[in-house]
Each structure stands twice: as structure tokens, then as C-alpha cells.
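Working notes, beginning with the structure itself.
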Amino acid sequence: MSARRKSALTVLEQVLRTHGQLCVCQGGCGTEHSGKQCSAHGTEKAPVLVAPYPLPLTEHEAASAPVSELRPWCPPCWRKTRKRGAEIRAELRRQELDEAQLGLFDVAAASGGGR
């Protein structure tokens with residue numbers, strides 16, 4: 001490999017060279033993997049992709065992650081992990097809304113119940 005080609009590695013090539021092609025999921029997708037490691041490899045039809053590990057909660061955080069934080073993921077584990085992250089974010093938003101509305105009931109009770 002020439003010096004020019006070596007310095008022109010893609011982000012994917014850099015991550016795979018550093019971490020190999022095994023998915024780093026470790027069960028974060030919600031699936032129990034034997035040995036706590038997903039054994040999926042990238043294939044011609046479903047190559048591995050790179051994303052931060054663990055996946056951050058927001059897409060902005062994922063997009064701004066430096067190469068040093070990227071790891072290989074198999075597409076099924078990445079999709080499941082993203083889905084779980086979205087479900088966690090939705091639940092956190094629901095809890096925040098519930099907590100924010102608790103104060104409304106305190107105001108109504110203090111003013112005589114509204115009638």
C-alpha cells in the first residue's frame with residue numbers, strides 16, 4: 001500500500017482496521033448474544049457500518065462523534081439498538097411531561113378546585 005493510499009483511508013476502513021469486522025453490540029440491541037458478543041460479520045449484501053458505541057441518544061451526537069469513538073455494527077443490531085434508543089427517549093419525554101404537569105394539579109387544589 002502506498003503512502004498516499006494509506007493516508008486516504010475512508011472512515012470505514014480506519015474503523016475496521018482498528019477494531020476488526022465483528023459487531024460491537026454486546027447485547028445492546030436487546031438480543032442475548034452468546035458470550036455477550038454479536039457474532040455477525042459484514043457480508044456483501046449487508047456490510048458492517050460504523051457508529052459510536054454505545055449509540056448516543058441523539059442523531060446530532062452520533063453525527064458529531066470523532067472517528068476514535070466509532071465501532072463496527074452489523075445492520076440488524078444497529079437498527080434494534082436505534083429503535084431501543086428511540087423508545088427510551090420517548091419514555092423519558094413522557095416522564096418529563098408527566099412531572100411538568102404535576103404542578104398544574106397543585107395550583108388547582110390551592111385555588112379551591114376550579115369551581
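Chain labels run A, B, ... following the order of the C-alpha cells; each chain numbers its residues from 1, and ligands are numbered from 1 in the order shown.
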Would you pick out the contacts of Lys80 of chain A at 12 Å or less, using only C-alpha atoms, so that residues sharing its chain but fewer than 5 positions from it are not included, and give the list as a list in words?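 Surrounding residues, per the criterion: Cys25, Gly27, Gly28, Cys29, Gly30, Thr31, Leu55, Trp73, Cys74, Pro75, Gly85, Ala86 and Glu87 of chain A.
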File dump, residues just selected, N, CA, C and O atoms, as a compact mmCIF listing (two decimals), in the first residue's frame:
```txt
# COMPACT_ATOMS: atom_id res chain seq x y z
N CYS A 25 -22.04 -4.84 19.33
CA CYS A 25 -23.33 -4.72 20.02
C CYS A 25 -23.27 -5.15 21.48
O CYS A 25 -23.76 -4.43 22.35
N GLY A 27 -25.07 -7.13 23.09
CA GLY A 27 -26.40 -7.24 23.67
C GLY A 27 -27.14 -5.93 23.81
O GLY A 27 -28.27 -5.91 24.27
N GLY A 28 -26.53 -4.82 23.39
CA GLY A 28 -27.20 -3.52 23.48
C GLY A 28 -28.45 -3.43 22.62
O GLY A 28 -29.28 -2.57 22.82
N CYS A 29 -28.60 -4.35 21.68
CA CYS A 29 -29.77 -4.34 20.80
C CYS A 29 -30.96 -5.01 21.46
O CYS A 29 -32.06 -4.99 20.93
N GLY A 30 -30.74 -5.63 22.63
CA GLY A 30 -31.83 -6.30 23.31
C GLY A 30 -31.85 -7.80 23.05
O GLY A 30 -32.64 -8.53 23.62
N THR A 31 -30.96 -8.27 22.20
CA THR A 31 -30.85 -9.70 21.91
C THR A 31 -29.71 -10.28 22.73
O THR A 31 -28.63 -9.69 22.77
N LEU A 55 -24.35 3.67 21.32
CA LEU A 55 -25.04 4.68 20.50
C LEU A 55 -25.54 5.80 21.39
O LEU A 55 -26.16 5.55 22.42
N TRP A 73 -20.73 -2.12 13.46
CA TRP A 73 -22.03 -2.66 13.84
C TRP A 73 -22.57 -3.47 12.67
O TRP A 73 -22.44 -3.08 11.52
N CYS A 74 -23.25 -4.58 12.96
CA CYS A 74 -23.99 -5.26 11.90
C CYS A 74 -25.33 -4.53 11.79
O CYS A 74 -25.84 -4.00 12.78
N PRO A 75 -25.89 -4.43 10.60
CA PRO A 75 -27.13 -3.66 10.42
C PRO A 75 -28.28 -4.09 11.32
O PRO A 75 -28.96 -3.22 11.88
N GLY A 85 -33.19 2.94 21.57
CA GLY A 85 -32.86 4.31 21.96
C GLY A 85 -34.04 5.25 21.76
O GLY A 85 -34.31 6.11 22.60
N ALA A 86 -34.76 5.10 20.65
CA ALA A 86 -35.93 5.93 20.39
C ALA A 86 -37.02 5.67 21.42
O ALA A 86 -37.69 6.60 21.89
N GLU A 87 -37.19 4.40 21.80
CA GLU A 87 -38.19 4.07 22.82
C GLU A 87 -37.80 4.67 24.17
O GLU A 87 -38.66 5.18 24.90
```
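For the pair atom CA of Ala51 of chain A and atom CA of Leu70 of chain A, the interatomic distance is 4.9 Å.
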Have a look at A:Ala65, A:Gly103, A:Val50, A:Thr81 and name the one nearest to Thr18 of chain A; count only C-alpha atoms.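 Of the candidates, the smallest distance to Thr18 of chain A is held by A:Val50.
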Helix (DSSP H, G or I) per DSSP on the backbone: members of segment 22-88 of chain A, as a list in words: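 After running DSSP on the backbone, segment 22-88 of chain A has helix (DSSP H, G or I) at Ser34, Gly35, Lys36, Glu59, His60, Glu61, Ala62, Ala63, Val67, Ser68, Glu69, Pro75, Pro76, Cys77, Trp78, Arg79, Lys80, Thr81, Arg82, Lys83, Arg84, Gly85, Ala86, Glu87 and Ile88 of chain A.
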Between A:Pro47, A:Pro72, A:Arg79, A:Phe105, which residue has the minimum interatomic distance to Gln14 of chain A, considering only C-alpha atoms?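 Result for the nearest residue to Gln14 of chain A: A:Pro72.
Atom CA of Leu57 of chain A sits 8.5 Å away from atom CA of Arg82 of chain A.
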What is the distance, in Å and to one decimal place, between atom CA of Pro54 of chain A and atom CA of Val11 of chain A?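 Between these atoms lies a distance of 17.7 Å.
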Of the candidates A:Thr10, A:Trp78, A:Pro66, A:Cys38, which shows the shortest atom-to-atom distance to Gln26 of chain A, using only C-alpha atoms? A:Cys38
Residues of segment 5-92 of chain A classed as strand (DSSP E or B) by DSSP on the backbone are to be reported as number ranges by chain. A: 49-52, 70-73
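Minimum atom-to-atom distance to Tyr53 of chain A, evaluated using only C-alpha atoms, belongs to A:Cys77 out of A:Leu97, A:Leu104, A:Cys77, A:Ala90.
Distances from A:Glu13, A:Glu32, A:Glu99, A:Glu91 to Val67 of chain A were compared using only C-alpha atoms, and the smallest one belongs to A:Glu13.
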